[in-house]
>>> print(open('upload-v9.txt').read())   # compact mmCIF, N, CA and C atoms
# COMPACT_ATOMS: atom_id res chain seq x y z
N MET A 1 9.95 12.05 -19.71
CA MET A 1 9.98 11.93 -18.27
C MET A 1 10.39 10.51 -17.91
N ILE A 2 11.12 10.41 -16.81
CA ILE A 2 11.49 9.10 -16.27
C ILE A 2 11.07 9.07 -14.80
N SER A 3 11.08 7.89 -14.24
CA SER A 3 10.71 7.71 -12.84
C SER A 3 11.83 6.96 -12.13
N LEU A 4 11.97 7.20 -10.85
CA LEU A 4 13.01 6.52 -10.07
C LEU A 4 12.40 5.49 -9.14
N ASP A 5 13.07 4.36 -9.03
CA ASP A 5 12.70 3.35 -8.05
C ASP A 5 13.43 3.65 -6.74
N THR A 6 12.97 3.03 -5.69
CA THR A 6 13.52 3.25 -4.35
C THR A 6 15.02 3.01 -4.29
N ASN A 7 15.48 1.92 -4.88
CA ASN A 7 16.91 1.58 -4.77
C ASN A 7 17.79 2.65 -5.43
N ILE A 8 17.29 3.30 -6.47
CA ILE A 8 18.05 4.37 -7.12
C ILE A 8 18.10 5.59 -6.21
N LEU A 9 16.96 5.93 -5.62
CA LEU A 9 16.91 7.09 -4.73
C LEU A 9 17.78 6.87 -3.49
N VAL A 10 17.73 5.68 -2.93
CA VAL A 10 18.57 5.37 -1.76
C VAL A 10 20.05 5.48 -2.13
N ARG A 11 20.40 4.96 -3.28
CA ARG A 11 21.80 5.02 -3.72
C ARG A 11 22.25 6.47 -3.86
N LEU A 12 21.37 7.31 -4.39
CA LEU A 12 21.68 8.73 -4.56
C LEU A 12 21.90 9.39 -3.20
N LEU A 13 21.13 9.00 -2.21
CA LEU A 13 21.22 9.62 -0.88
C LEU A 13 22.37 9.07 -0.05
N ILE A 14 22.55 7.78 -0.06
CA ILE A 14 23.51 7.12 0.84
C ILE A 14 24.91 7.01 0.23
N GLU A 15 24.99 6.84 -1.06
CA GLU A 15 26.27 6.74 -1.77
C GLU A 15 27.18 5.65 -1.20
N ASP A 16 26.62 4.48 -0.90
CA ASP A 16 27.42 3.42 -0.29
C ASP A 16 27.98 2.41 -1.30
N ASP A 17 27.61 2.54 -2.56
CA ASP A 17 28.16 1.71 -3.62
C ASP A 17 28.65 2.66 -4.70
N LEU A 18 29.96 2.80 -4.82
CA LEU A 18 30.54 3.81 -5.72
C LEU A 18 30.09 3.66 -7.17
N GLU A 19 30.07 2.43 -7.66
CA GLU A 19 29.71 2.20 -9.05
C GLU A 19 28.24 2.58 -9.30
N GLN A 20 27.37 2.13 -8.42
CA GLN A 20 25.95 2.45 -8.59
C GLN A 20 25.68 3.94 -8.37
N THR A 21 26.35 4.53 -7.40
CA THR A 21 26.19 5.95 -7.15
C THR A 21 26.60 6.76 -8.37
N LYS A 22 27.73 6.39 -8.97
CA LYS A 22 28.20 7.10 -10.17
C LYS A 22 27.18 6.97 -11.30
N SER A 23 26.61 5.79 -11.46
CA SER A 23 25.60 5.56 -12.50
C SER A 23 24.37 6.45 -12.27
N VAL A 24 23.92 6.54 -11.03
CA VAL A 24 22.76 7.37 -10.70
C VAL A 24 23.09 8.85 -10.94
N GLN A 25 24.25 9.28 -10.51
CA GLN A 25 24.64 10.68 -10.71
C GLN A 25 24.73 11.03 -12.19
N GLU A 26 25.26 10.10 -12.99
CA GLU A 26 25.33 10.33 -14.44
C GLU A 26 23.93 10.44 -15.04
N THR A 27 23.02 9.62 -14.57
CA THR A 27 21.63 9.68 -15.03
C THR A 27 21.01 11.04 -14.69
N MET A 28 21.27 11.52 -13.48
CA MET A 28 20.73 12.82 -13.06
C MET A 28 21.29 13.95 -13.94
N LEU A 29 22.59 13.89 -14.19
CA LEU A 29 23.22 14.92 -15.04
C LEU A 29 22.68 14.87 -16.46
N LEU A 30 22.50 13.68 -16.99
CA LEU A 30 21.97 13.53 -18.34
C LEU A 30 20.53 14.05 -18.41
N ALA A 31 19.73 13.72 -17.43
CA ALA A 31 18.34 14.21 -17.38
C ALA A 31 18.32 15.73 -17.31
N GLU A 32 19.18 16.28 -16.48
CA GLU A 32 19.23 17.74 -16.36
C GLU A 32 19.69 18.38 -17.67
N LYS A 33 20.70 17.81 -18.30
CA LYS A 33 21.22 18.34 -19.56
C LYS A 33 20.14 18.36 -20.64
N HIS A 34 19.31 17.33 -20.66
CA HIS A 34 18.26 17.22 -21.68
C HIS A 34 16.92 17.77 -21.19
N LYS A 35 16.98 18.50 -20.07
CA LYS A 35 15.79 19.13 -19.51
C LYS A 35 14.64 18.15 -19.29
N MET A 36 15.00 16.95 -18.87
CA MET A 36 14.00 15.93 -18.55
C MET A 36 13.56 16.08 -17.11
N LYS A 37 12.34 15.77 -16.85
CA LYS A 37 11.84 15.74 -15.48
C LYS A 37 11.86 14.30 -15.00
N ILE A 38 12.06 14.15 -13.71
CA ILE A 38 12.10 12.83 -13.08
C ILE A 38 10.99 12.80 -12.04
N ILE A 39 10.08 11.86 -12.22
CA ILE A 39 8.97 11.75 -11.28
C ILE A 39 9.36 10.84 -10.12
N ILE A 40 9.02 11.28 -8.93
CA ILE A 40 9.25 10.45 -7.75
C ILE A 40 7.89 10.28 -7.07
N LEU A 41 7.43 9.05 -7.05
CA LEU A 41 6.13 8.74 -6.49
C LEU A 41 6.18 8.71 -4.96
N SER A 42 5.06 9.02 -4.35
CA SER A 42 5.01 8.99 -2.89
C SER A 42 5.30 7.59 -2.36
N GLU A 43 4.91 6.55 -3.11
CA GLU A 43 5.20 5.18 -2.69
C GLU A 43 6.70 4.93 -2.61
N VAL A 44 7.43 5.52 -3.54
CA VAL A 44 8.90 5.40 -3.52
C VAL A 44 9.47 6.11 -2.31
N LEU A 45 8.93 7.27 -1.98
CA LEU A 45 9.41 7.99 -0.79
C LEU A 45 9.08 7.23 0.49
N ILE A 46 7.91 6.63 0.55
CA ILE A 46 7.54 5.83 1.72
C ILE A 46 8.52 4.69 1.91
N GLU A 47 8.79 3.99 0.82
CA GLU A 47 9.73 2.87 0.89
C GLU A 47 11.14 3.35 1.21
N THR A 48 11.52 4.49 0.67
CA THR A 48 12.85 5.06 0.94
C THR A 48 13.01 5.36 2.42
N VAL A 49 12.01 5.97 3.02
CA VAL A 49 12.07 6.26 4.46
C VAL A 49 12.21 4.96 5.24
N TRP A 50 11.44 3.96 4.87
CA TRP A 50 11.51 2.68 5.56
C TRP A 50 12.91 2.07 5.45
N VAL A 51 13.50 2.10 4.25
CA VAL A 51 14.85 1.56 4.04
C VAL A 51 15.87 2.34 4.86
N LEU A 52 15.76 3.66 4.84
CA LEU A 52 16.72 4.49 5.59
C LEU A 52 16.61 4.23 7.09
N GLU A 53 15.39 4.03 7.58
CA GLU A 53 15.20 3.76 9.01
C GLU A 53 15.69 2.36 9.38
N SER A 54 15.27 1.37 8.59
CA SER A 54 15.51 -0.02 8.99
C SER A 54 16.87 -0.58 8.55
N ALA A 55 17.29 -0.30 7.34
CA ALA A 55 18.53 -0.88 6.84
C ALA A 55 19.76 -0.02 7.14
N TYR A 56 19.56 1.30 7.19
CA TYR A 56 20.69 2.20 7.37
C TYR A 56 20.69 2.90 8.73
N ASN A 57 19.68 2.64 9.54
CA ASN A 57 19.57 3.23 10.89
C ASN A 57 19.74 4.74 10.90
N CYS A 58 19.21 5.40 9.88
CA CYS A 58 19.28 6.86 9.82
C CYS A 58 18.33 7.46 10.86
N SER A 59 18.72 8.58 11.39
CA SER A 59 17.88 9.27 12.37
C SER A 59 16.75 10.01 11.66
N ARG A 60 15.75 10.39 12.42
CA ARG A 60 14.64 11.17 11.89
C ARG A 60 15.15 12.49 11.30
N ASP A 61 16.13 13.11 11.96
CA ASP A 61 16.70 14.36 11.45
C ASP A 61 17.41 14.15 10.11
N GLU A 62 18.17 13.07 10.01
CA GLU A 62 18.87 12.78 8.75
C GLU A 62 17.86 12.53 7.63
N ILE A 63 16.85 11.74 7.92
CA ILE A 63 15.85 11.41 6.90
C ILE A 63 15.08 12.66 6.50
N SER A 64 14.73 13.48 7.45
CA SER A 64 14.03 14.74 7.14
C SER A 64 14.88 15.62 6.23
N MET A 65 16.17 15.69 6.52
CA MET A 65 17.08 16.47 5.68
C MET A 65 17.13 15.89 4.26
N TYR A 66 17.24 14.56 4.14
CA TYR A 66 17.25 13.92 2.84
C TYR A 66 15.97 14.26 2.06
N LEU A 67 14.83 14.14 2.74
CA LEU A 67 13.55 14.41 2.08
C LEU A 67 13.44 15.87 1.64
N GLU A 68 13.86 16.78 2.50
CA GLU A 68 13.83 18.19 2.13
C GLU A 68 14.73 18.47 0.93
N ASN A 69 15.90 17.83 0.91
CA ASN A 69 16.81 18.00 -0.23
C ASN A 69 16.19 17.46 -1.51
N ILE A 70 15.56 16.30 -1.45
CA ILE A 70 14.91 15.72 -2.62
C ILE A 70 13.82 16.65 -3.14
N LEU A 71 13.03 17.21 -2.23
CA LEU A 71 11.94 18.10 -2.63
C LEU A 71 12.43 19.38 -3.30
N SER A 72 13.67 19.74 -3.05
CA SER A 72 14.19 21.00 -3.60
C SER A 72 14.92 20.83 -4.95
N VAL A 73 15.09 19.61 -5.41
CA VAL A 73 15.78 19.37 -6.67
C VAL A 73 14.84 19.73 -7.82
N ASN A 74 15.29 20.64 -8.68
CA ASN A 74 14.38 21.17 -9.71
C ASN A 74 14.02 20.20 -10.82
N ILE A 75 14.75 19.12 -11.01
CA ILE A 75 14.37 18.17 -12.06
C ILE A 75 13.39 17.11 -11.54
N PHE A 76 13.20 17.06 -10.22
CA PHE A 76 12.26 16.10 -9.64
C PHE A 76 10.86 16.70 -9.60
N ILE A 77 9.89 15.89 -9.94
CA ILE A 77 8.50 16.30 -9.75
C ILE A 77 7.80 15.23 -8.91
N PHE A 78 6.78 15.65 -8.20
CA PHE A 78 6.07 14.80 -7.27
C PHE A 78 4.57 14.95 -7.52
N PRO A 79 3.87 13.85 -7.85
CA PRO A 79 2.44 13.96 -8.10
C PRO A 79 1.66 14.53 -6.92
N ASP A 80 2.13 14.28 -5.73
CA ASP A 80 1.45 14.75 -4.52
C ASP A 80 2.37 15.68 -3.73
N PHE A 81 2.92 16.69 -4.39
CA PHE A 81 3.94 17.54 -3.77
C PHE A 81 3.51 18.09 -2.41
N PHE A 82 2.32 18.69 -2.32
CA PHE A 82 1.92 19.32 -1.07
C PHE A 82 1.61 18.29 0.02
N VAL A 83 1.10 17.14 -0.37
CA VAL A 83 0.90 16.05 0.60
C VAL A 83 2.25 15.62 1.15
N ILE A 84 3.22 15.45 0.27
CA ILE A 84 4.56 15.01 0.69
C ILE A 84 5.23 16.08 1.55
N LEU A 85 5.15 17.32 1.13
CA LEU A 85 5.74 18.42 1.89
C LEU A 85 5.16 18.47 3.31
N ASN A 86 3.86 18.36 3.41
CA ASN A 86 3.21 18.35 4.72
C ASN A 86 3.63 17.14 5.55
N ALA A 87 3.73 15.99 4.91
CA ALA A 87 4.16 14.77 5.62
C ALA A 87 5.59 14.91 6.13
N VAL A 88 6.46 15.51 5.34
CA VAL A 88 7.85 15.73 5.77
C VAL A 88 7.88 16.63 7.00
N GLU A 89 7.11 17.71 6.96
CA GLU A 89 7.06 18.63 8.11
C GLU A 89 6.57 17.93 9.37
N GLN A 90 5.52 17.11 9.22
CA GLN A 90 4.98 16.39 10.38
C GLN A 90 5.92 15.27 10.82
N TYR A 91 6.57 14.63 9.86
CA TYR A 91 7.52 13.56 10.18
C TYR A 91 8.66 14.09 11.04
N LYS A 92 9.11 15.31 10.74
CA LYS A 92 10.19 15.92 11.54
C LYS A 92 9.79 16.01 13.00
N LEU A 93 8.53 16.32 13.25
CA LEU A 93 8.04 16.49 14.61
C LEU A 93 7.81 15.14 15.30
N LYS A 94 7.21 14.23 14.59
CA LYS A 94 6.97 12.88 15.07
C LYS A 94 5.84 12.30 14.25
N GLY A 95 5.94 11.05 13.99
CA GLY A 95 4.90 10.39 13.22
C GLY A 95 5.49 9.44 12.22
N ASP A 96 4.67 8.55 11.77
CA ASP A 96 5.07 7.57 10.78
C ASP A 96 4.87 8.16 9.39
N PHE A 97 5.92 8.20 8.58
CA PHE A 97 5.86 8.85 7.28
C PHE A 97 4.78 8.23 6.40
N ALA A 98 4.71 6.91 6.35
CA ALA A 98 3.71 6.25 5.52
C ALA A 98 2.30 6.64 5.96
N ASP A 99 2.05 6.65 7.26
CA ASP A 99 0.74 7.05 7.77
C ASP A 99 0.41 8.49 7.39
N LEU A 100 1.40 9.35 7.47
CA LEU A 100 1.17 10.76 7.13
C LEU A 100 0.84 10.93 5.65
N ILE A 101 1.49 10.15 4.79
CA ILE A 101 1.17 10.19 3.37
C ILE A 101 -0.25 9.65 3.13
N ILE A 102 -0.59 8.56 3.79
CA ILE A 102 -1.93 7.96 3.63
C ILE A 102 -3.01 8.95 4.05
N ILE A 103 -2.82 9.59 5.19
CA ILE A 103 -3.79 10.59 5.65
C ILE A 103 -3.87 11.74 4.65
N GLY A 104 -2.72 12.25 4.24
CA GLY A 104 -2.68 13.38 3.31
C GLY A 104 -3.33 13.05 1.97
N GLN A 105 -3.03 11.88 1.43
CA GLN A 105 -3.62 11.50 0.15
C GLN A 105 -5.12 11.27 0.28
N SER A 106 -5.52 10.69 1.37
CA SER A 106 -6.96 10.48 1.60
C SER A 106 -7.69 11.81 1.62
N LYS A 107 -7.14 12.75 2.36
CA LYS A 107 -7.77 14.07 2.45
C LYS A 107 -7.74 14.80 1.10
N SER A 108 -6.61 14.74 0.41
CA SER A 108 -6.51 15.46 -0.87
C SER A 108 -7.43 14.86 -1.93
N ASN A 109 -7.79 13.61 -1.76
CA ASN A 109 -8.74 12.96 -2.67
C ASN A 109 -10.18 13.03 -2.15
N LYS A 110 -10.36 13.89 -1.15
CA LYS A 110 -11.66 14.23 -0.60
C LYS A 110 -12.39 13.08 0.10
N ALA A 111 -11.63 12.14 0.65
CA ALA A 111 -12.24 11.09 1.46
C ALA A 111 -12.73 11.72 2.77
N GLU A 112 -13.94 11.39 3.15
CA GLU A 112 -14.51 11.96 4.37
C GLU A 112 -13.85 11.39 5.62
N ARG A 113 -13.45 10.15 5.56
CA ARG A 113 -12.80 9.49 6.68
C ARG A 113 -11.81 8.45 6.15
N LEU A 114 -10.86 8.09 6.99
CA LEU A 114 -9.98 6.96 6.73
C LEU A 114 -10.40 5.87 7.72
N ILE A 115 -10.80 4.74 7.20
CA ILE A 115 -11.19 3.62 8.04
C ILE A 115 -9.95 2.79 8.30
N THR A 116 -9.62 2.60 9.58
CA THR A 116 -8.40 1.91 9.95
C THR A 116 -8.54 1.25 11.31
N PHE A 117 -7.81 0.17 11.51
CA PHE A 117 -7.71 -0.45 12.83
C PHE A 117 -6.48 0.06 13.58
N ASP A 118 -5.70 0.91 12.98
CA ASP A 118 -4.47 1.44 13.56
C ASP A 118 -4.82 2.42 14.69
N LYS A 119 -4.64 1.98 15.92
CA LYS A 119 -5.01 2.79 17.09
C LYS A 119 -4.17 4.07 17.20
N LYS A 120 -2.89 4.00 16.84
CA LYS A 120 -2.05 5.20 16.89
C LYS A 120 -2.54 6.25 15.90
N LEU A 121 -2.93 5.80 14.73
CA LEU A 121 -3.45 6.70 13.72
C LEU A 121 -4.79 7.30 14.17
N GLN A 122 -5.62 6.48 14.76
CA GLN A 122 -6.90 6.97 15.28
C GLN A 122 -6.68 8.02 16.37
N LYS A 123 -5.69 7.78 17.21
CA LYS A 123 -5.40 8.72 18.30
C LYS A 123 -4.83 10.03 17.76
N ARG A 124 -3.97 9.93 16.76
CA ARG A 124 -3.34 11.13 16.20
C ARG A 124 -4.32 11.97 15.37
N PHE A 125 -5.25 11.30 14.69
CA PHE A 125 -6.24 11.97 13.84
C PHE A 125 -7.64 11.52 14.24
N PRO A 126 -8.07 11.83 15.46
CA PRO A 126 -9.32 11.27 15.99
C PRO A 126 -10.58 11.66 15.21
N ASP A 127 -10.58 12.78 14.54
CA ASP A 127 -11.75 13.19 13.78
C ASP A 127 -11.73 12.69 12.34
N TYR A 128 -10.67 12.01 11.98
CA TYR A 128 -10.54 11.56 10.59
C TYR A 128 -10.29 10.06 10.46
N ALA A 129 -9.37 9.53 11.23
CA ALA A 129 -9.05 8.10 11.18
C ALA A 129 -9.91 7.37 12.21
N VAL A 130 -10.84 6.58 11.71
CA VAL A 130 -11.79 5.90 12.59
C VAL A 130 -11.86 4.43 12.23
N GLU A 131 -12.39 3.65 13.17
CA GLU A 131 -12.47 2.21 12.94
C GLU A 131 -13.63 1.83 12.03
N GLN A 132 -14.69 2.61 12.11
CA GLN A 132 -15.84 2.34 11.24
C GLN A 132 -16.75 3.56 11.18
N PHE A 133 -17.55 3.60 10.15
CA PHE A 133 -18.57 4.64 10.05
C PHE A 133 -19.72 4.30 10.97
N THR A 134 -20.38 5.30 11.46
CA THR A 134 -21.63 5.06 12.17
C THR A 134 -22.76 5.26 11.17
N LYS A 135 -23.91 4.72 11.45
CA LYS A 135 -25.05 4.86 10.54
C LYS A 135 -25.41 6.33 10.33
N LEU A 136 -25.22 7.16 11.35
CA LEU A 136 -25.57 8.56 11.24
C LEU A 136 -24.75 9.29 10.20
N GLU A 137 -23.52 8.83 9.96
CA GLU A 137 -22.64 9.52 9.01
C GLU A 137 -23.06 9.30 7.56
N PHE A 138 -23.94 8.34 7.32
CA PHE A 138 -24.39 8.10 5.95
C PHE A 138 -25.57 8.97 5.56
N PHE A 139 -26.14 9.68 6.53
CA PHE A 139 -27.33 10.51 6.24
C PHE A 139 -27.04 11.97 6.38
>>> encode(input="upload-v9.txt", output="structure tokens")
Amino acid sequence: MISLDTNILVRLLIEDDLEQTKSVQETMLLAEKHKMKIIILSEVLIETVWVLESAYNCSRDEISMYLENILSVNIFIFPDFFVILNAVEQYKLKGDFADLIIIGQSKSNKAERLITFDKKLQKRFPDYAVEQFTKLEFF
């Protein structure tokens, strides 16, 4: 198994450097030929979304399409597949992708609450994202 860094995934999606894109495509073909799996971490996807939004000015629709395409590639595996899938669906509607992954991973790891100062996150997930625990919640 191999893993991809953000810059490799972005190159695969954007194809703005011919030499690097060709190298990435050759790697994908070689992995597929040898039946290798490629792991893509949620952190890499978070960073990829940020790069696509900030450096490439991609729209939410474009990024959602890219993410859906990545999720459908059979040689890619994702440690948090269902968390990522849910985050992609919610991202399409509205929301910060990184926040959606954080909420999803927190819940999937059975955290009772996410403690955060992020007011938008608290508003979007009022029963889960809170600024602090109350004493009553410990009993």
>>> closest_atom_pairs(input="upload-v9.txt", of="segment 63-123 of chain A", to="segment 25-46 of chain A", cutoff="6 Å", atoms="all atoms listed in the file", output="JSON lines")
{"residue": "A:Ile75", "atom": "C", "partner": "A:Ile38", "partner_atom": "N", "distance": 3.9}
{"residue": "A:Phe76", "atom": "CA", "partner": "A:Ile38", "partner_atom": "C", "distance": 4.3}
{"residue": "A:Ile77", "atom": "N", "partner": "A:Ile38", "partner_atom": "C", "distance": 3.9}
{"residue": "A:Phe78", "atom": "CA", "partner": "A:Ile40", "partner_atom": "C", "distance": 4.9}
{"residue": "A:Pro79", "atom": "N", "partner": "A:Ile40", "partner_atom": "C", "distance": 5.4}
{"residue": "A:Phe97", "atom": "C", "partner": "A:Ile46", "partner_atom": "CA", "distance": 5.9}
{"residue": "A:Ala98", "atom": "CA", "partner": "A:Ile46", "partner_atom": "CA", "distance": 5.4}
>>> atom_distance(input="upload-v9.txt", atom1="atom N of Glu62 of chain A", atom2="atom C of Trp50 of chain A")
13.0 Å
>>> select_by_dssp(input="upload-v9.txt", residues="chain A", states="strand (DSSP E or B)", output="list in words")
Ile2, Ser3, Ile38, Ile39, Phe76, Ile77, Leu114, Ile115, Ala129 and Val130 of chain A
>>> select_by_dssp(input="upload-v9.txt", residues="segment 9-128 of chain A", states="helix (DSSP H, G or I)", output="PyMOL selection string")
chain A and resi 9-14+18-33+42-54+60-72+81-93+97-108+119-124
>>> atom_distance(input="upload-v9.txt", atom1="atom CA of Val88 of chain A", atom2="atom CA of Ser108 of chain A")
15.8 Å
>>> atom_distance(input="upload-v9.txt", atom1="atom C of Thr6 of chain A", atom2="atom CA of Val83 of chain A")
19.8 Å
>>> residues_around(input="upload-v9.txt", residues="Tyr66 of chain A", least_positions_apart="6", cutoff="8 Å", atoms="only N, CA and C atoms", output="ChimeraX atom specification")
/A:13,60,72
>>> closest_residue(input="upload-v9.txt", among="A:Ile115, A:Leu9, A:Ala87, A:Leu71", to="Thr48 of chain A", atoms="only C-alpha atoms")
A:Leu9
>>> residues_around(input="upload-v9.txt", residues="Ile63 of chain A", least_positions_apart="5", cutoff="7 Å", atoms="all atoms listed in the file", output="number ranges by chain")
A: 49, 58, 68
>>> residues_around(input="upload-v9.txt", residues="Ala129 of chain A", least_positions_apart="5", cutoff="8 Å", atoms="only C-alpha atoms", output="VMD selection string")
chain A and resid 113 to 116 121 to 122
>>> decode(input="upload-v9.txt", residues="segment 14-40 of chain A", atoms="N, CA and C atoms", output="compact mmCIF listing (two decimals), in the first residue's frame")
# COMPACT_ATOMS: atom_id res chain seq x y z
N ILE A 14 -6.22 18.67 -10.93
CA ILE A 14 -6.13 19.94 -11.68
C ILE A 14 -5.36 19.80 -12.99
N GLU A 15 -4.38 18.93 -13.02
CA GLU A 15 -3.58 18.69 -14.23
C GLU A 15 -2.97 19.97 -14.81
N ASP A 16 -2.43 20.82 -13.95
CA ASP A 16 -1.88 22.09 -14.43
C ASP A 16 -0.37 22.05 -14.69
N ASP A 17 0.28 20.96 -14.38
CA ASP A 17 1.69 20.77 -14.68
C ASP A 17 1.80 19.44 -15.41
N LEU A 18 2.04 19.49 -16.71
CA LEU A 18 2.01 18.28 -17.54
C LEU A 18 2.97 17.20 -17.07
N GLU A 19 4.19 17.60 -16.72
CA GLU A 19 5.19 16.62 -16.31
C GLU A 19 4.77 15.93 -15.00
N GLN A 20 4.34 16.72 -14.04
CA GLN A 20 3.92 16.14 -12.76
C GLN A 20 2.64 15.32 -12.91
N THR A 21 1.72 15.81 -13.71
CA THR A 21 0.48 15.08 -13.94
C THR A 21 0.77 13.72 -14.56
N LYS A 22 1.66 13.70 -15.55
CA LYS A 22 2.03 12.43 -16.19
C LYS A 22 2.64 11.47 -15.18
N SER A 23 3.49 11.98 -14.31
CA SER A 23 4.12 11.16 -13.28
C SER A 23 3.07 10.56 -12.34
N VAL A 24 2.11 11.36 -11.93
CA VAL A 24 1.05 10.89 -11.04
C VAL A 24 0.19 9.84 -11.76
N GLN A 25 -0.16 10.10 -13.00
CA GLN A 25 -0.98 9.15 -13.75
C GLN A 25 -0.25 7.82 -13.93
N GLU A 26 1.06 7.88 -14.19
CA GLU A 26 1.85 6.66 -14.32
C GLU A 26 1.87 5.88 -13.00
N THR A 27 1.97 6.59 -11.90
CA THR A 27 1.94 5.95 -10.59
C THR A 27 0.60 5.25 -10.36
N MET A 28 -0.49 5.91 -10.74
CA MET A 28 -1.82 5.33 -10.58
C MET A 28 -1.96 4.05 -11.42
N LEU A 29 -1.48 4.12 -12.66
CA LEU A 29 -1.55 2.95 -13.55
C LEU A 29 -0.70 1.81 -13.02
N LEU A 30 0.48 2.11 -12.52
CA LEU A 30 1.36 1.09 -11.97
C LEU A 30 0.73 0.45 -10.72
N ALA A 31 0.16 1.27 -9.86
CA ALA A 31 -0.51 0.74 -8.66
C ALA A 31 -1.68 -0.16 -9.05
N GLU A 32 -2.44 0.28 -10.03
CA GLU A 32 -3.58 -0.53 -10.48
C GLU A 32 -3.10 -1.85 -11.10
N LYS A 33 -2.06 -1.78 -11.91
CA LYS A 33 -1.52 -2.98 -12.56
C LYS A 33 -1.06 -4.00 -11.53
N HIS A 34 -0.46 -3.52 -10.45
CA HIS A 34 0.06 -4.42 -9.41
C HIS A 34 -0.93 -4.63 -8.27
N LYS A 35 -2.18 -4.22 -8.52
CA LYS A 35 -3.25 -4.41 -7.55
C LYS A 35 -2.91 -3.83 -6.17
N MET A 36 -2.24 -2.70 -6.20
CA MET A 36 -1.90 -2.00 -4.95
C MET A 36 -3.05 -1.07 -4.58
N LYS A 37 -3.24 -0.90 -3.32
CA LYS A 37 -4.21 0.07 -2.82
C LYS A 37 -3.47 1.34 -2.45
N ILE A 38 -4.16 2.45 -2.60
CA ILE A 38 -3.60 3.76 -2.27
C ILE A 38 -4.48 4.37 -1.20
N ILE A 39 -3.87 4.66 -0.07
CA ILE A 39 -4.63 5.24 1.03
C ILE A 39 -4.63 6.76 0.91
N ILE A 40 -5.80 7.33 1.11
CA ILE A 40 -5.92 8.79 1.12
C ILE A 40 -6.51 9.17 2.48
